[in-house]
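Participant: Input: one structure, supplied below.
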Amino acid sequence: MNKRIIKNIIESKINGWLKSVPDEDLREEIKRNVIVTGGCIASMLLNEEVNDYDVYFRTKATAKRVAEYYCKIFNERNTNHKNKLGGAAQAFVLDGLDVEAWKNGAKEINTFAPGFSNQGGDTWKADGTWSRMIAGCAPDRIKVIVRSDGVAAEDEKVKILSKPFESVSDLLAEAEHVTVDQVDKEVNGEQEKPPYRPIFLSTNAITLSDKIQLVIRFYGDPDEIHKNYDFAHCTNYWTDKDGLVLQQKAIEAILSKELVYCGSKYPLCSMIRTRKFIKRGFNINAGQYLKMAFQLSRLDLTDIDVLEDQLVGVDSAYFNILIDALRKQAAEKPDFEVEESYVATIIDKIF
């Protein structure tokens with residue numbers, strides 16, 4: 001496809017999504033701050049099918065407001081879903097600023113987190129359930145939280161992660177053994193469900209039907225967002241103000257179908273992600289793996305927070321079972337240390 005056609009497709013997709021938001025003020029805020037980037041543009045340039053459109057926002061305030069809006073919708077639509085403890089699988093948005101205040105003695109984190117009462121001191125650290133939710137939620141960050149489960153889905157079957165999936169789209173399709181588009185249909189010949197509704201919630205992203213994925217892990221201008229990206233071919237972007245912006249390095253990588261590692265906060269996730277792109281016909285040289293290995297060598301993967309951050313990355317559903325097992329051990333045994341043999345045992349069971 002050429003630049004004009006891709007620009008029109010993205011504009012049509014975003015405008016269609018915005019029409020589903022009844023709050024005019026929120027629609028306008030989204031329109032001012034929305035950024036579409038990632039693999040969808042590369043796929044269209046190669047005349048390949050788009051898995052999903054990765055949507056980011058320029059400001060934390062917009063990302064938080066959008067996350068709260070869709071958590072509310074998800075909770076209203078899925079009142080009968082239960083978590084592993086038997087309670088309601090309700091989702092809420094956690095703001096790092098509220099977490100900081102709570103650690104310093106505030107009575108509650110926010111209205112989206114009933115039950116987050118502070119009993120004083122550092123008691124939150126000793127509670128495995130709460131410490132997992134709070135983990136990594138720095139003041140500049142927001143997280144979607146689903147108590148006990150960590151993720152929530154419109155279809156209960158996709159919450160059971162019996163093996164790693166490379167994307168939420170793959171996860172949803174595997175759960176129903178049909179295409180991602182078909183997942184969005186009612187069973188038994190009933191009418192289609194509303195478009196652009198939340199169907200999967202994870203810590204870092206909210207997946208809507210109709211191939212929209214709202215990434216809340218990062219926000220900022222495109223250059224700032226791309227500091228967290230790993231491969232050059234994913235760095236083209238679209239905004240309402242700038243239209244479609246094609247980067248020279250990205251175009252070169254797409255034309256040659258070459259994976260060029262730009263550096264990322266998630267080198268472990270990037271290393272695993274290469275499998276997906278290689279299946280799509282991309283190639284990678286040994287030097288790119290060495291770049292990832294150097295970055296990876298600076299991380300302490302025995303720190304569960306670091307390991308979870310690396311495996312989850314931005315939008316992947318990797319190894320939730322592994323992280324759950326490690327956090328359970330850490331909560332039950334204060335002197336627990338993450339060891340290679342223990343991790344290997346769990347990984348062999350997962351795979």
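By convention in this document, the chains of the structure tokens carry letters A, B, ... by their order, each chain's residues are numbered from 1, and ligands are numbered from 1 in the order they are shown.
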Go through segment 192-250 of chain A and flag each residue having an atom no more than 9 Å from segment 255-261 of chain A; for those, report the closest pair of atoms plus their distance in Å to one decimal, using only C-alpha atoms, ordered by chain and rising number, as a Markdown table.

Facilitator:
```
| residue | atom | partner | partner_atom | distance |
| --- | --- | --- | --- | --- |
| A:Tyr229 | CA | A:Tyr261 | CA | 8.9 |
| A:Asp230 | CA | A:Tyr261 | CA | 5.6 |
| A:Phe231 | CA | A:Tyr261 | CA | 4.7 |
| A:Ala232 | CA | A:Val260 | CA | 5.6 |
| A:His233 | CA | A:Leu259 | CA | 7.3 |
| A:Lys249 | CA | A:Val260 | CA | 8.9 |
| A:Ala250 | CA | A:Leu255 | CA | 8.6 |
```

Participant: Please, could you write that set of residues out with C-alpha atoms as a PDB file, in the first residue's frame?

Facilitator:
```
ATOM      1  CA  TYR A 229      10.548   0.221  21.078  1.00  0.00           C
ATOM      2  CA  ASP A 230      12.953  -2.468  20.022  1.00  0.00           C
ATOM      3  CA  PHE A 231      13.001  -2.830  16.240  1.00  0.00           C
ATOM      4  CA  ALA A 232      13.377  -0.090  13.643  1.00  0.00           C
ATOM      5  CA  HIS A 233      10.597  -1.314  11.335  1.00  0.00           C
ATOM      6  CA  LYS A 249      15.395   3.621   9.013  1.00  0.00           C
ATOM      7  CA  ALA A 250      12.000   1.981   9.349  1.00  0.00           C
TER       8      ALA A 250
END
```

Participant: Which polymer residues have any atom within 12 Å of an atom of Asn228 of chain A, counting only C-alpha atoms, with same-chain residues fewer than 6 positions away left out, as a PyMOL selection string?

Facilitator: chain A and resi 38+217-222+234-235+261-267+269-270+310+313-314

Participant: Give me the residues near Glu68 of chain A as a ChimeraX atom specification, where near means some atom within 9 Å (using only C-alpha atoms) and where sequence neighbours in that chain fewer than 2 positions away do not count.

Facilitator: /A:63-66,70-73,92-93,112,144

Participant: Considering only C-alpha atoms, return as a compact mmCIF listing (two decimals) with N, CA, C and O atoms, in the first residue's frame whatever protein or nucleic-acid residues lie within 12 Å of Thr239 of chain A, sequence-local ones (same chain, fewer than 4 positions apart) excluded.

Facilitator:
```
# COMPACT_ATOMS: atom_id res chain seq x y z
N LYS A 7 -2.61 6.10 5.36
CA LYS A 7 -3.09 7.22 6.16
C LYS A 7 -4.62 7.20 6.26
O LYS A 7 -5.19 7.37 7.34
N ASN A 8 -5.28 6.94 5.14
CA ASN A 8 -6.74 6.92 5.13
C ASN A 8 -7.30 5.76 5.96
O ASN A 8 -8.32 5.90 6.64
N ILE A 10 -5.87 4.29 8.58
CA ILE A 10 -5.70 4.57 10.01
C ILE A 10 -6.70 5.62 10.47
O ILE A 10 -7.33 5.49 11.54
N GLU A 11 -6.87 6.68 9.69
CA GLU A 11 -7.84 7.72 10.05
C GLU A 11 -9.25 7.14 10.16
O GLU A 11 -10.00 7.48 11.09
N ILE A 14 -9.45 5.04 13.44
CA ILE A 14 -9.51 5.87 14.64
C ILE A 14 -10.84 6.62 14.73
O ILE A 14 -11.45 6.71 15.80
N ASN A 15 -11.31 7.15 13.61
CA ASN A 15 -12.60 7.86 13.62
C ASN A 15 -13.75 6.90 13.98
O ASN A 15 -14.69 7.28 14.69
N ILE A 30 -8.96 12.50 23.31
CA ILE A 30 -8.29 11.38 22.63
C ILE A 30 -7.75 11.83 21.29
O ILE A 30 -6.60 11.54 20.93
N LYS A 31 -8.58 12.55 20.53
CA LYS A 31 -8.18 12.98 19.19
C LYS A 31 -6.93 13.85 19.23
O LYS A 31 -6.04 13.73 18.38
N ARG A 32 -6.81 14.71 20.23
CA ARG A 32 -5.64 15.58 20.36
C ARG A 32 -4.38 14.80 20.72
O ARG A 32 -3.28 15.21 20.35
N ASN A 33 -4.56 13.70 21.44
CA ASN A 33 -3.40 13.04 22.04
C ASN A 33 -3.09 11.66 21.49
O ASN A 33 -2.12 11.02 21.91
N VAL A 34 -3.88 11.16 20.55
CA VAL A 34 -3.71 9.80 20.08
C VAL A 34 -2.51 9.66 19.14
O VAL A 34 -2.24 10.54 18.32
N ILE A 35 -1.81 8.54 19.28
CA ILE A 35 -0.69 8.19 18.41
C ILE A 35 -0.85 6.72 18.02
O ILE A 35 -1.05 5.86 18.89
N VAL A 36 -0.79 6.43 16.74
CA VAL A 36 -0.82 5.05 16.26
C VAL A 36 0.57 4.71 15.74
O VAL A 36 1.11 5.42 14.89
N THR A 37 1.16 3.67 16.27
CA THR A 37 2.50 3.28 15.84
C THR A 37 2.64 1.77 16.00
O THR A 37 1.70 1.07 16.37
N VAL A 55 -2.31 1.78 19.90
CA VAL A 55 -2.66 3.17 20.16
C VAL A 55 -2.00 3.63 21.46
O VAL A 55 -2.11 2.96 22.50
N TYR A 56 -1.32 4.76 21.39
CA TYR A 56 -0.68 5.38 22.56
C TYR A 56 -1.26 6.78 22.74
O TYR A 56 -1.99 7.29 21.87
N PHE A 57 -0.87 7.43 23.84
CA PHE A 57 -1.35 8.78 24.12
C PHE A 57 -0.19 9.67 24.53
O PHE A 57 0.80 9.22 25.10
N ARG A 58 -0.33 10.95 24.26
CA ARG A 58 0.75 11.90 24.53
C ARG A 58 0.92 12.19 26.02
O ARG A 58 2.01 12.54 26.46
N ASP A 221 5.30 12.05 23.41
CA ASP A 221 5.39 12.27 21.98
C ASP A 221 5.96 11.03 21.30
O ASP A 221 6.58 10.18 21.96
N PRO A 222 5.80 10.89 19.97
CA PRO A 222 6.28 9.68 19.29
C PRO A 222 7.74 9.35 19.57
O PRO A 222 8.08 8.19 19.82
N GLY A 243 -0.46 13.47 10.55
CA GLY A 243 -0.77 12.47 9.54
C GLY A 243 0.18 11.29 9.68
O GLY A 243 0.65 10.97 10.76
N LEU A 244 0.49 10.61 8.56
CA LEU A 244 1.38 9.46 8.58
C LEU A 244 2.82 9.91 8.41
O LEU A 244 3.16 10.57 7.43
N VAL A 245 3.67 9.52 9.34
CA VAL A 245 5.09 9.88 9.30
C VAL A 245 5.90 8.61 9.11
O VAL A 245 5.84 7.69 9.94
N LEU A 246 6.64 8.54 8.00
CA LEU A 246 7.46 7.38 7.69
C LEU A 246 8.93 7.71 7.97
O LEU A 246 9.46 8.70 7.47
```

Participant: Nearest to Glu76 of chain A among A:Ala91, A:Ile6, A:Leu208, A:Ala331, with distances taken over only C-alpha atoms: which residue is it?

Facilitator: A:Ala91

Participant: Residues within 7 Å of Ile323 of chain A, please, as a VMD selection string. Count only C-alpha atoms; anything in the same chain fewer than 4 positions from it doesn't count.

Facilitator: chain A and resid 308 319 327
